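Heads up, the thing below is written out as structure tokens.
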Amino acid sequence: MTPYTLYLVTDDQQDLKTLCRVVKQAIAGGVSLVQVREKQGDVRTFIERAAAVKAVLSGSGVPLIINDRVDVALAVDADGVHLGQSDMPATLARQLLGPDKLIGLSVENEQQFEQAQSLPVDYLGLSAIFATPTKTNTVKHWGLDGLNWAMARSRLPMVAIGGLNTSNIAAVAQTGVHGIALVSAISHAPDPQQAARELRLLIEQNRPDSLVRNY
């Protein structure tokens, strides 16, 4: 099964205790990958939160990805890093992390998408599919048409992110996208475990048959 299927991006506004509780419940509900995202705090805080999430994930088989910061990924020996367009170049990140770590890259327009096809990354995050309150500086909204366009052209696995929830996940899963990344739909749910379980089922029920078999 692909690690990208149900991809949780953590909420950096949550305190450490809440963050760990959400992650623990989310993986019990079927989250297949966790990215720790920190936009507010300093590097020490980022390392502390990443290390705490790594401890929660221990023994689960769920990979830990660090948002933006290769130094933090190295500090906690995470499973990989997810880079934005203004972060460390992917080629340098690969040199520092080695061949076995996961590297994801956000692409926000067609030019970035085309350039990314030749980079040493493992997957692309197509951002943003729809408008989202958790990311206000998006370059464009790809929509379903843009996602289908990218899926038809990418040599790399694709993860959809941005404005995804129970009202549109079925349609997104039907494109055959390899992963669906979420923040609020799990992190802000009254019961993150139940939310993750329902979202995972929704994705698997709506994927093309060939993908269900292969995963």
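The way I read the labels, and the way they are meant: chains A, B, ... in the order of the structure tokens, residue 1 as the first residue of every chain, and ligand 1 as the first ligand shown, with later ones counted on from there.
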
Can you tell me, as an MDAnalysis selection string, what residues are no more than 9 Å from Asp100 of chain A when counting only C-alpha atoms, ignoring any on the same chain fewer than 3 positions away?
chainID A and resid 79:80 97

Quick one: write out the picked residues with N, CA, C and O atoms as a compact mmCIF listing (two decimals), in the first residue's frame?
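Dumped to selection.txt:
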```txt
# COMPACT_ATOMS: atom_id res chain seq x y z
N ASP A 79 11.61 10.19 8.47
CA ASP A 79 11.60 9.37 7.27
C ASP A 79 11.72 10.20 5.99
O ASP A 79 11.92 9.65 4.92
N GLY A 80 11.58 11.52 6.15
CA GLY A 80 11.71 12.36 4.97
C GLY A 80 11.31 13.78 5.24
O GLY A 80 11.09 14.20 6.39
N LEU A 97 20.17 14.20 2.73
CA LEU A 97 19.33 13.17 3.35
C LEU A 97 19.71 11.76 2.89
O LEU A 97 19.40 10.78 3.57
```

Select from segment 52-98 of chain A every residue with an atom at most 8 Å from any atom of segment 107-127 of chain A, then for each give the shortest pair of atoms and their distance in Å to one decimal, using only C-alpha atoms, rows by chain and rising number, as a Markdown table.
```
| residue | atom | partner | partner_atom | distance |
| --- | --- | --- | --- | --- |
| A:Gly84 | CA | A:Val107 | CA | 7.7 |
| A:Gln85 | CA | A:Val107 | CA | 7.2 |
| A:Ala90 | CA | A:Pro120 | CA | 6.6 |
| A:Thr91 | CA | A:Pro120 | CA | 6.1 |
| A:Arg94 | CA | A:Pro120 | CA | 6.8 |
```

Writing out the chosen residues with N, CA and C atoms as a PDB file, in the first residue's frame:
```pdb
ATOM      1  N   GLY A  84       8.767  23.142   0.058  1.00  0.00           N
ATOM      2  CA  GLY A  84       8.050  24.120  -0.738  1.00  0.00           C
ATOM      3  C   GLY A  84       8.991  24.726  -1.758  1.00  0.00           C
ATOM      4  N   GLN A  85       8.454  25.575  -2.601  1.00  0.00           N
ATOM      5  CA  GLN A  85       9.255  26.151  -3.677  1.00  0.00           C
ATOM      6  C   GLN A  85      10.326  27.121  -3.176  1.00  0.00           C
ATOM      7  N   ALA A  90      15.690  20.724  -4.016  1.00  0.00           N
ATOM      8  CA  ALA A  90      15.521  19.277  -3.854  1.00  0.00           C
ATOM      9  C   ALA A  90      16.826  18.515  -4.080  1.00  0.00           C
ATOM     10  N   THR A  91      17.642  18.964  -5.022  1.00  0.00           N
ATOM     11  CA  THR A  91      18.900  18.257  -5.290  1.00  0.00           C
ATOM     12  C   THR A  91      19.827  18.309  -4.079  1.00  0.00           C
ATOM     13  N   ARG A  94      18.438  16.095  -1.272  1.00  0.00           N
ATOM     14  CA  ARG A  94      18.730  14.678  -1.532  1.00  0.00           C
ATOM     15  C   ARG A  94      20.169  14.348  -1.149  1.00  0.00           C
TER      16      ARG A  94
END
```

Would you please work out which residue, of A:Met158, A:Leu83, A:Ala78, A:Val9, is nearest to Lys101 of chain A when using only C-alpha atoms?
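Smallest distance to Lys101 of chain A is found for A:Ala78.
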
Using only C-alpha atoms, which of A:Leu147, A:Val23, A:Ile203, A:Ala185 sits nearest Lys54 of chain A?
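The answer is A:Val23, which sits nearest to Lys54 of chain A.
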
Env of Asn168 of chain A: 10 Å cut, atoms = only C-alpha atoms, seq-sep filter 5 positions within chain, self excluded. Answer as a list in words.
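With the cut-off at 10 Å, the set is Phe130, Leu144, Gly163 and Ala173 of chain A.
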
Written selection (all heavy atoms) as a short mmCIF file (atom, residue, chain, number, x, y, z; two decimals), in the first residue's frame:
```
data_model
loop_
_atom_site.label_atom_id
_atom_site.label_comp_id
_atom_site.auth_asym_id
_atom_site.auth_seq_id
_atom_site.Cartn_x
_atom_site.Cartn_y
_atom_site.Cartn_z
N PHE A 130 -8.32 23.06 -3.87
CA PHE A 130 -9.40 24.01 -3.63
C PHE A 130 -8.91 25.05 -2.62
O PHE A 130 -7.88 24.88 -1.99
CB PHE A 130 -10.64 23.29 -3.08
CG PHE A 130 -11.13 22.17 -3.94
CD1 PHE A 130 -11.12 20.86 -3.46
CD2 PHE A 130 -11.59 22.38 -5.23
CE1 PHE A 130 -11.57 19.80 -4.24
CE2 PHE A 130 -12.03 21.33 -6.02
CZ PHE A 130 -12.02 20.04 -5.53
N LEU A 144 -10.43 19.99 -9.97
CA LEU A 144 -10.39 18.62 -10.48
C LEU A 144 -9.78 18.56 -11.87
O LEU A 144 -9.06 17.61 -12.21
CB LEU A 144 -11.80 18.02 -10.48
CG LEU A 144 -12.40 17.75 -9.09
CD1 LEU A 144 -13.84 17.29 -9.23
CD2 LEU A 144 -11.58 16.70 -8.34
N GLY A 163 -8.02 22.31 0.85
CA GLY A 163 -9.47 22.41 0.83
C GLY A 163 -10.19 21.09 0.68
O GLY A 163 -11.34 21.05 0.22
N ALA A 173 -10.60 11.36 -5.15
CA ALA A 173 -10.10 9.98 -5.19
C ALA A 173 -10.36 9.33 -6.54
O ALA A 173 -9.56 8.51 -7.01
CB ALA A 173 -10.74 9.16 -4.07
#
```

Residue neighbourhood Leu96 of chain A, 9 Å, only C-alpha atoms, exclusion window fewer than 3 positions, as a count of residues only
5

Excluding Asp77 of chain A and its own-chain neighbours fewer than 5 positions away, which residues fall within 10 Å of it when counting only C-alpha atoms? Please give them as a PyMOL selection string.
chain A and resi 50-51+54+64-66+71-72+97+101

N, CA, C and O atoms of the current selection, written as a compact mmCIF listing (two decimals), in the first residue's frame:
```txt
# COMPACT_ATOMS: atom_id res chain seq x y z
N ALA A 50 8.47 17.49 16.64
CA ALA A 50 8.74 16.40 15.70
C ALA A 50 9.17 15.13 16.44
O ALA A 50 8.73 14.02 16.10
N ALA A 51 10.02 15.29 17.44
CA ALA A 51 10.48 14.13 18.23
C ALA A 51 9.31 13.49 18.98
O ALA A 51 9.23 12.26 19.09
N LYS A 54 7.30 11.56 16.49
CA LYS A 54 8.04 10.34 16.13
C LYS A 54 7.84 9.26 17.18
O LYS A 54 7.67 8.08 16.85
N LEU A 64 7.20 9.41 9.16
CA LEU A 64 7.20 10.78 9.65
C LEU A 64 7.90 11.67 8.64
O LEU A 64 9.07 11.44 8.30
N ILE A 65 7.18 12.68 8.16
CA ILE A 65 7.73 13.66 7.22
C ILE A 65 7.78 15.02 7.91
O ILE A 65 6.86 15.39 8.63
N ILE A 66 8.85 15.75 7.67
CA ILE A 66 9.01 17.09 8.24
C ILE A 66 8.75 18.13 7.15
O ILE A 66 9.30 18.03 6.05
N ASP A 71 17.05 20.39 8.19
CA ASP A 71 17.83 20.28 9.42
C ASP A 71 17.03 19.59 10.53
O ASP A 71 17.56 18.76 11.28
N VAL A 72 15.74 19.89 10.60
CA VAL A 72 14.90 19.24 11.61
C VAL A 72 14.72 17.76 11.27
O VAL A 72 14.76 16.90 12.15
N LEU A 97 20.17 14.20 2.73
CA LEU A 97 19.33 13.17 3.35
C LEU A 97 19.71 11.76 2.89
O LEU A 97 19.40 10.78 3.57
N LYS A 101 15.62 8.39 2.05
CA LYS A 101 14.59 9.19 2.68
C LYS A 101 13.57 9.67 1.63
O LYS A 101 13.91 9.86 0.46
```

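Minimum atom-to-atom distances from A:Thr166, A:Thr5, A:Asn148, A:Thr132 to Gly30 of chain A were compared using only C-alpha atoms, and the lowest value belongs to A:Thr5.
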
Residue contacts of segment 56-59 of chain A (12 Å, only C-alpha atoms) excluding same-chain residues fewer than 2 positions away, as a count of residues only:
31

Within 12 Å of Ala152 of chain A using only C-alpha atoms, minus same-chain residues under 6 positions, as an mmCIF file with N, CA and C atoms, in the first residue's frame:
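Dumped everything to part-v2.cif:
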```cif
data_model
loop_
_atom_site.group_PDB
_atom_site.id
_atom_site.type_symbol
_atom_site.label_atom_id
_atom_site.label_comp_id
_atom_site.auth_asym_id
_atom_site.auth_seq_id
_atom_site.Cartn_x
_atom_site.Cartn_y
_atom_site.Cartn_z
ATOM 1 N N ASP A 145 -10.041 19.557 -12.705
ATOM 2 C CA ASP A 145 -9.480 19.559 -14.064
ATOM 3 C C ASP A 145 -7.961 19.640 -14.012
ATOM 4 N N GLY A 146 -7.443 20.499 -13.136
ATOM 5 C CA GLY A 146 -5.995 20.614 -13.001
ATOM 6 C C GLY A 146 -5.367 19.350 -12.447
ATOM 7 N N MET A 158 1.444 11.452 -7.046
ATOM 8 C CA MET A 158 0.852 12.763 -6.773
ATOM 9 C C MET A 158 0.035 12.717 -5.484
ATOM 10 N N THR A 175 -9.992 10.499 -9.367
ATOM 11 C CA THR A 175 -8.959 10.845 -10.355
ATOM 12 C C THR A 175 -7.818 9.835 -10.354
ATOM 13 N N GLY A 176 -7.747 8.995 -9.302
ATOM 14 C CA GLY A 176 -6.640 8.055 -9.179
ATOM 15 C C GLY A 176 -5.434 8.625 -8.484
ATOM 16 N N VAL A 177 -5.561 9.818 -7.912
ATOM 17 C CA VAL A 177 -4.429 10.432 -7.215
ATOM 18 C C VAL A 177 -3.908 9.495 -6.121
#
```
